[in-house]
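In what follows, a structure is listed as structure tokens, so that the remarks can point back to it.
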Amino acid sequence: MMKITHAIIPTAGFGTRMLPLSKAVPKELLPLGNRPSIHYVIDEAIKAGIKTIILVNHAQKSAIENYFDINSELDTQLRSKSKDELADSLNFLPDDVRVISVRQGKPLGLGHAVLQGRAVVGDNPFAVLLPDVVLNPYETDYATQNLAFMMSEFEKTGRSQILVDPVATADIEKYGIAKLENAQTLEKSSENKSFAVTGFVEKPKPENAPSNLAVVGRYVFDSAIFDYLAKTAPSVGGEIQLTDAIDALIGSRGVDVVTMTGESFDAGDMASYMRAFVYFAERQLQV
């Protein structure tokens, strides 16, 4: 199978759950400790082996693009003051990694956002990382677990991969829940495990849920999903849903879910973000 070197990160949303913080500052640039949340997402992608990162962005959020660019004036000023180490830390992207920005001109949903990356990805398999979801870098190894494991599984099997995590019964109706070949409740594991999935149920009542496995926000796709996204009719609200294309992909090629190791944080929800900020700040202050 083709090696996965491309990743799409949808960043065009306005982050209404994070207002008023996100009114002037993109939610992806809000800090977790001493770095913006998207820094950890990019770091995860790079350590998993991604070389081309496509930001699907909005015209009013160019600050995200600027964060990954080189500020020559600032770099020169820091080095003139013998702050070379600090200057080097700001230019953290490896030489063989490029960040490309494309625009999502209309707010037509996650599926539409992913489709905007097709011009760059082409016929290559690719990953999708939702920037609201930050996987704990202190509990997991970005180079071997979760996204990296999913990429490895795809390269072995050719089947698209979706990351899931067991959630408490009371939280099931907050998420998209995986439907496995056999309904089951799984415990949290310290190892990534892969299972065939037959579909997803969006925010079911706990008593009707086919499992306790909630979609986390990491995907690895065969490029065939672009064709399904292009054919997907808008749903209620005029949005093109990624889940509709995933259902089509399950029917034609098969899809697996991978259970997550470690902890994730929702950096796009105010309460969860504040808890995450405290956690990251405390970890960094211990160093």
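Chain labels follow the order of the structure tokens: the first chain is A, the next B, and so on; residue numbering restarts at 1 in every chain, and ligands are counted from 1 in their shown order.
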> Counting only C-alpha atoms, what is within 6 Å of A:Arg159, bar same-chain residues fewer than 5 positions away, as a PyMOL selection string?
Replying inline: chain A and resi 154+254-255
>> If we count only C-alpha atoms and set the cut-off at 6 Å, which residues sit around stretch 194-201 of chain A, ignoring sequence neighbours fewer than 5 positions away in its own chain? Please answer as a list in words.
In response: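 Neighbouring residues, sequence-local ones excluded: Gly176, Ile177, Ala178, Lys179, Leu180, Val255, Asp256, Val257 and Val258 of chain A.
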Output as CSV one row per residue of stretch 235-285 of chain A within 8 Å of stretch 135-144 of chain A: the closest atom pair and its distance in Å to one decimal place, counting only C-alpha atoms, sorted by chain and residue number ascending.
```
residue,atom,partner,partner_atom,distance
A:Thr261,CA,A:Thr140,CA,6.9
A:Gly262,CA,A:Glu139,CA,5.5
A:Glu263,CA,A:Asn136,CA,5.5
A:Ser264,CA,A:Leu135,CA,4.3
A:Phe265,CA,A:Leu135,CA,6.4
```
> Can you tell me, as a ChimeraX atom specification, what residues are no more than 9 Å from A:Met150 when counting only C-alpha atoms, ignoring any on the same chain fewer than 4 positions away?
Replying inline: /A:145-146,154-155,160-163,192,194,218-220,257-258
Could you write those residues out with C-alpha atoms, as a compact mmCIF listing (two decimals), in the first residue's frame?
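Saved the output as again.txt:
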```txt
# COMPACT_ATOMS: atom_id res chain seq x y z
CA GLN A 145 0.54 5.09 18.92
CA ASN A 146 -2.88 6.32 17.87
CA PHE A 154 -3.76 1.26 6.69
CA GLU A 155 -0.46 0.48 5.02
CA SER A 160 -9.48 3.29 6.27
CA GLN A 161 -9.08 3.80 10.02
CA ILE A 162 -11.04 5.88 12.55
CA LEU A 163 -9.91 6.51 16.13
CA ASN A 192 -4.20 0.31 20.22
CA SER A 194 -8.34 -2.48 15.56
CA ARG A 218 -8.45 11.22 13.98
CA TYR A 219 -9.00 9.52 10.63
CA VAL A 220 -6.94 7.78 7.96
CA VAL A 257 -11.92 1.60 14.13
CA VAL A 258 -8.85 1.81 16.36
```
>> So that I can check the surroundings of stretch 121-124 of chain A, please list as a PyMOL selection string every protein, DNA and RNA residue that reaches within 10 Å of it, counting only C-alpha atoms and ignoring chain neighbours fewer than 3 positions away.
In response: chain A and resi 2-8+52-54+115-118+221-224+226
Same residues, C-alpha atoms, saved as a PDB file, in the first residue's frame:
```
ATOM      1  CA  MET A   2       0.985   3.627  -0.512  1.00  0.00           C
ATOM      2  CA  LYS A   3       2.710   5.305   2.420  1.00  0.00           C
ATOM      3  CA  ILE A   4       0.702   8.074   4.055  1.00  0.00           C
ATOM      4  CA  THR A   5       2.480  11.430   3.980  1.00  0.00           C
ATOM      5  CA  HIS A   6      -0.457  13.884   3.710  1.00  0.00           C
ATOM      6  CA  ALA A   7      -2.759  15.218   6.435  1.00  0.00           C
ATOM      7  CA  ILE A   8      -5.726  17.579   6.279  1.00  0.00           C
ATOM      8  CA  THR A  52       2.586  17.579   3.825  1.00  0.00           C
ATOM      9  CA  ILE A  53       0.019  19.283   6.066  1.00  0.00           C
ATOM     10  CA  ILE A  54      -2.978  20.986   4.463  1.00  0.00           C
ATOM     11  CA  LEU A 115     -12.911  17.780   0.136  1.00  0.00           C
ATOM     12  CA  GLN A 116     -11.084  21.113  -0.242  1.00  0.00           C
ATOM     13  CA  GLY A 117      -7.793  19.306   0.370  1.00  0.00           C
ATOM     14  CA  ARG A 118      -8.223  17.078  -2.686  1.00  0.00           C
ATOM     15  CA  PHE A 221      -8.652   7.536   4.587  1.00  0.00           C
ATOM     16  CA  ASP A 222      -8.250   5.920   1.231  1.00  0.00           C
ATOM     17  CA  SER A 223      -8.455   8.672  -1.398  1.00  0.00           C
ATOM     18  CA  ALA A 224     -11.684   7.048  -2.659  1.00  0.00           C
ATOM     19  CA  PHE A 226     -13.077  12.131  -2.046  1.00  0.00           C
TER      20      PHE A 226
END
```
> Looking only at the backbone, which of the residues in stretch 53-241 of chain A does DSSP tag as alpha helix (DSSP H), as JSON, numbers by chain?
Replying inline: {"A": [62, 63, 64, 65, 66, 67, 72, 73, 74, 75, 76, 77, 78, 79, 80, 84, 85, 86, 87, 88, 89, 90, 110, 111, 112, 113, 114, 115, 118, 119, 120, 121, 147, 148, 149, 150, 151, 152, 153, 154, 155, 156, 157, 225, 226, 227, 228, 229, 230, 231]}
Export of prior selection with N, CA and C atoms as a short mmCIF file (atom, residue, chain, number, x, y, z; two decimals), in the first residue's frame:
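Everything below was put into again-v8.cif:
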```cif
data_model
loop_
_atom_site.label_atom_id
_atom_site.label_comp_id
_atom_site.auth_asym_id
_atom_site.auth_seq_id
_atom_site.Cartn_x
_atom_site.Cartn_y
_atom_site.Cartn_z
N SER A 62 -5.91 34.06 9.08
CA SER A 62 -4.55 33.96 8.53
C SER A 62 -3.49 33.89 9.63
N ALA A 63 -3.85 34.24 10.86
CA ALA A 63 -2.89 34.15 11.96
C ALA A 63 -2.39 32.73 12.15
N ILE A 64 -3.23 31.74 11.80
CA ILE A 64 -2.80 30.34 11.91
C ILE A 64 -1.69 30.07 10.91
N GLU A 65 -1.86 30.55 9.69
CA GLU A 65 -0.82 30.38 8.67
C GLU A 65 0.46 31.08 9.10
N ASN A 66 0.33 32.27 9.68
CA ASN A 66 1.50 33.03 10.12
C ASN A 66 2.28 32.30 11.20
N TYR A 67 1.57 31.55 12.04
CA TYR A 67 2.25 30.85 13.13
C TYR A 67 3.26 29.84 12.59
N SER A 72 10.91 36.71 9.63
CA SER A 72 12.32 37.05 9.42
C SER A 72 12.77 38.19 10.32
N GLU A 73 11.90 39.18 10.50
CA GLU A 73 12.27 40.32 11.33
C GLU A 73 12.48 39.90 12.78
N LEU A 74 11.57 39.10 13.29
CA LEU A 74 11.70 38.62 14.67
C LEU A 74 12.92 37.72 14.80
N ASP A 75 13.13 36.85 13.82
CA ASP A 75 14.28 35.95 13.85
C ASP A 75 15.59 36.74 13.90
N THR A 76 15.70 37.76 13.06
CA THR A 76 16.91 38.58 13.02
C THR A 76 17.12 39.30 14.35
N GLN A 77 16.04 39.83 14.91
CA GLN A 77 16.14 40.57 16.17
C GLN A 77 16.61 39.67 17.31
N LEU A 78 16.05 38.47 17.38
CA LEU A 78 16.43 37.55 18.44
C LEU A 78 17.90 37.14 18.32
N ARG A 79 18.32 36.87 17.09
CA ARG A 79 19.72 36.43 16.90
C ARG A 79 20.70 37.57 17.15
N SER A 80 20.28 38.80 16.89
CA SER A 80 21.16 39.94 17.17
C SER A 80 21.36 40.13 18.67
N ASP A 84 19.76 32.75 20.11
CA ASP A 84 19.66 31.79 19.01
C ASP A 84 18.77 30.60 19.36
N GLU A 85 18.86 30.13 20.58
CA GLU A 85 18.08 28.96 20.97
C GLU A 85 16.58 29.27 20.89
N LEU A 86 16.19 30.46 21.35
CA LEU A 86 14.79 30.87 21.27
C LEU A 86 14.36 31.02 19.82
N ALA A 87 15.22 31.62 18.99
CA ALA A 87 14.90 31.78 17.57
C ALA A 87 14.72 30.43 16.90
N ASP A 88 15.59 29.48 17.23
CA ASP A 88 15.49 28.14 16.64
C ASP A 88 14.19 27.45 17.05
N SER A 89 13.74 27.68 18.28
CA SER A 89 12.52 27.03 18.77
C SER A 89 11.28 27.52 18.04
N LEU A 90 11.34 28.74 17.50
CA LEU A 90 10.18 29.28 16.79
C LEU A 90 10.06 28.70 15.39
N LEU A 110 -17.95 19.60 7.72
CA LEU A 110 -16.66 18.93 7.79
C LEU A 110 -16.34 18.18 6.50
N GLY A 111 -17.34 17.51 5.94
CA GLY A 111 -17.10 16.78 4.70
C GLY A 111 -16.63 17.70 3.59
N HIS A 112 -17.24 18.86 3.48
CA HIS A 112 -16.85 19.84 2.48
C HIS A 112 -15.44 20.35 2.75
N ALA A 113 -15.10 20.55 4.02
CA ALA A 113 -13.76 21.02 4.37
C ALA A 113 -12.71 20.00 3.94
N VAL A 114 -12.95 18.73 4.22
CA VAL A 114 -12.00 17.68 3.83
C VAL A 114 -11.85 17.65 2.32
N LEU A 115 -12.94 17.83 1.60
CA LEU A 115 -12.91 17.78 0.14
C LEU A 115 -12.04 18.89 -0.45
N ARG A 118 -8.44 18.05 -1.60
CA ARG A 118 -8.22 17.08 -2.69
C ARG A 118 -7.20 17.56 -3.70
N ALA A 119 -7.19 18.86 -3.99
CA ALA A 119 -6.27 19.39 -5.00
C ALA A 119 -4.82 19.17 -4.61
N VAL A 120 -4.55 19.11 -3.31
CA VAL A 120 -3.18 18.88 -2.84
C VAL A 120 -2.92 17.40 -2.63
N VAL A 121 -3.88 16.70 -2.05
CA VAL A 121 -3.69 15.28 -1.72
C VAL A 121 -3.70 14.41 -2.97
N LEU A 147 -2.53 7.87 15.98
CA LEU A 147 -2.46 8.19 14.55
C LEU A 147 -1.38 7.37 13.85
N ALA A 148 -0.21 7.25 14.47
CA ALA A 148 0.87 6.48 13.85
C ALA A 148 0.46 5.02 13.68
N PHE A 149 -0.23 4.46 14.67
CA PHE A 149 -0.71 3.08 14.57
C PHE A 149 -1.74 2.95 13.45
N MET A 150 -2.64 3.92 13.34
CA MET A 150 -3.65 3.90 12.28
C MET A 150 -3.02 3.94 10.90
N MET A 151 -2.01 4.76 10.74
CA MET A 151 -1.32 4.84 9.46
C MET A 151 -0.64 3.53 9.12
N SER A 152 -0.05 2.89 10.14
CA SER A 152 0.60 1.60 9.93
C SER A 152 -0.42 0.53 9.55
N GLU A 153 -1.58 0.54 10.21
CA GLU A 153 -2.63 -0.42 9.90
C GLU A 153 -3.14 -0.24 8.47
N PHE A 154 -3.30 1.02 8.07
CA PHE A 154 -3.76 1.26 6.69
C PHE A 154 -2.76 0.71 5.68
N GLU A 155 -1.49 0.94 5.95
CA GLU A 155 -0.46 0.48 5.02
C GLU A 155 -0.40 -1.04 4.95
N LYS A 156 -0.88 -1.72 6.01
CA LYS A 156 -0.92 -3.19 6.00
C LYS A 156 -2.17 -3.72 5.30
N THR A 157 -3.30 -3.07 5.55
CA THR A 157 -4.59 -3.63 5.14
C THR A 157 -5.27 -2.90 4.00
N ILE A 225 -12.50 8.23 -0.69
CA ILE A 225 -13.52 8.98 0.04
C ILE A 225 -13.80 10.32 -0.61
N PHE A 226 -12.83 10.87 -1.34
CA PHE A 226 -13.08 12.13 -2.05
C PHE A 226 -14.22 11.99 -3.04
N ASP A 227 -14.28 10.87 -3.75
CA ASP A 227 -15.36 10.64 -4.71
C ASP A 227 -16.70 10.60 -4.01
N TYR A 228 -16.75 9.96 -2.85
CA TYR A 228 -18.01 9.89 -2.11
C TYR A 228 -18.41 11.26 -1.57
N LEU A 229 -17.43 12.03 -1.10
CA LEU A 229 -17.72 13.38 -0.62
C LEU A 229 -18.26 14.26 -1.74
N ALA A 230 -17.69 14.12 -2.93
CA ALA A 230 -18.13 14.92 -4.06
C ALA A 230 -19.56 14.59 -4.47
N LYS A 231 -20.00 13.35 -4.18
CA LYS A 231 -21.36 12.92 -4.55
C LYS A 231 -22.35 13.08 -3.40
#
```
> Between A:Gly238, A:Gly49, A:Pro166, A:Gly217, which has the minimum distance to A:Thr259 (counting only C-alpha atoms)?
Replying inline: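 Result for the nearest residue to A:Thr259: A:Pro166.
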> Could you write out, as a ChimeraX atom specification, all the residues of stretch 74-105 of chain A that DSSP marks as strand (DSSP E or B)?
Replying inline: /A:98-103
Write the residues you've just listed into a file as a PDB file, in the first residue's frame, and include all heavy atoms for each of them.
```
ATOM      1  N   ARG A  98       6.158  20.468   4.943  1.00  0.00           N
ATOM      2  CA  ARG A  98       5.589  21.719   4.438  1.00  0.00           C
ATOM      3  C   ARG A  98       4.143  21.847   4.899  1.00  0.00           C
ATOM      4  O   ARG A  98       3.426  20.865   5.023  1.00  0.00           O
ATOM      5  CB  ARG A  98       5.651  21.773   2.907  1.00  0.00           C
ATOM      6  CG  ARG A  98       4.935  20.624   2.207  1.00  0.00           C
ATOM      7  CD  ARG A  98       5.003  20.757   0.702  1.00  0.00           C
ATOM      8  NE  ARG A  98       4.334  19.641   0.041  1.00  0.00           N
ATOM      9  CZ  ARG A  98       3.914  19.648  -1.214  1.00  0.00           C
ATOM     10  NH1 ARG A  98       4.120  20.719  -1.955  1.00  0.00           N
ATOM     11  NH2 ARG A  98       3.307  18.597  -1.740  1.00  0.00           N
ATOM     12  N   VAL A  99       3.750  23.092   5.191  1.00  0.00           N
ATOM     13  CA  VAL A  99       2.380  23.404   5.580  1.00  0.00           C
ATOM     14  C   VAL A  99       1.765  24.244   4.473  1.00  0.00           C
ATOM     15  O   VAL A  99       2.289  25.308   4.126  1.00  0.00           O
ATOM     16  CB  VAL A  99       2.324  24.151   6.921  1.00  0.00           C
ATOM     17  CG1 VAL A  99       0.886  24.564   7.244  1.00  0.00           C
ATOM     18  CG2 VAL A  99       2.886  23.288   8.041  1.00  0.00           C
ATOM     19  N   ILE A 100       0.675  23.757   3.893  1.00  0.00           N
ATOM     20  CA  ILE A 100      -0.001  24.419   2.788  1.00  0.00           C
ATOM     21  C   ILE A 100      -1.395  24.816   3.249  1.00  0.00           C
ATOM     22  O   ILE A 100      -2.074  24.051   3.935  1.00  0.00           O
ATOM     23  CB  ILE A 100      -0.098  23.477   1.571  1.00  0.00           C
ATOM     24  CG1 ILE A 100       1.299  23.102   1.077  1.00  0.00           C
ATOM     25  CG2 ILE A 100      -0.924  24.093   0.452  1.00  0.00           C
ATOM     26  CD1 ILE A 100       1.291  22.005   0.040  1.00  0.00           C
ATOM     27  N   SER A 101      -1.835  26.007   2.889  1.00  0.00           N
ATOM     28  CA  SER A 101      -3.157  26.475   3.274  1.00  0.00           C
ATOM     29  C   SER A 101      -4.060  26.583   2.055  1.00  0.00           C
ATOM     30  O   SER A 101      -3.662  27.129   1.023  1.00  0.00           O
ATOM     31  CB  SER A 101      -3.060  27.835   3.977  1.00  0.00           C
ATOM     32  OG  SER A 101      -4.336  28.267   4.411  1.00  0.00           O
ATOM     33  N   VAL A 102      -5.257  26.038   2.172  1.00  0.00           N
ATOM     34  CA  VAL A 102      -6.292  26.227   1.154  1.00  0.00           C
ATOM     35  C   VAL A 102      -7.509  26.819   1.858  1.00  0.00           C
ATOM     36  O   VAL A 102      -7.625  26.753   3.083  1.00  0.00           O
ATOM     37  CB  VAL A 102      -6.650  24.902   0.448  1.00  0.00           C
ATOM     38  CG1 VAL A 102      -5.436  24.314  -0.234  1.00  0.00           C
ATOM     39  CG2 VAL A 102      -7.246  23.895   1.430  1.00  0.00           C
ATOM     40  N   ARG A 103      -8.392  27.412   1.105  1.00  0.00           N
ATOM     41  CA  ARG A 103      -9.535  28.092   1.696  1.00  0.00           C
ATOM     42  C   ARG A 103     -10.828  27.280   1.540  1.00  0.00           C
ATOM     43  O   ARG A 103     -11.056  26.663   0.500  1.00  0.00           O
ATOM     44  CB  ARG A 103      -9.723  29.472   1.041  1.00  0.00           C
ATOM     45  CG  ARG A 103      -8.578  30.454   1.325  1.00  0.00           C
ATOM     46  CD  ARG A 103      -8.655  30.994   2.737  1.00  0.00           C
ATOM     47  NE  ARG A 103      -7.479  31.749   3.103  1.00  0.00           N
ATOM     48  CZ  ARG A 103      -7.285  33.042   2.810  1.00  0.00           C
ATOM     49  NH1 ARG A 103      -8.191  33.689   2.109  1.00  0.00           N
ATOM     50  NH2 ARG A 103      -6.197  33.663   3.211  1.00  0.00           N
TER      51      ARG A 103
END
```
>> Using only C-alpha atoms for the distances, tell me which of A:Ser82, A:Asn212, A:Asn71, A:Val128 is nearest to A:Thr169.
In response: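 So, comparing all the options, the nearest one is A:Asn212.
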> Contacts of A:Gly237 at 12 Å or less, counting only C-alpha atoms, minus same-chain residues fewer than 2 places along, as a VMD selection string?
Replying inline: chain A and resid 107 to 109 233 to 235 239 to 241
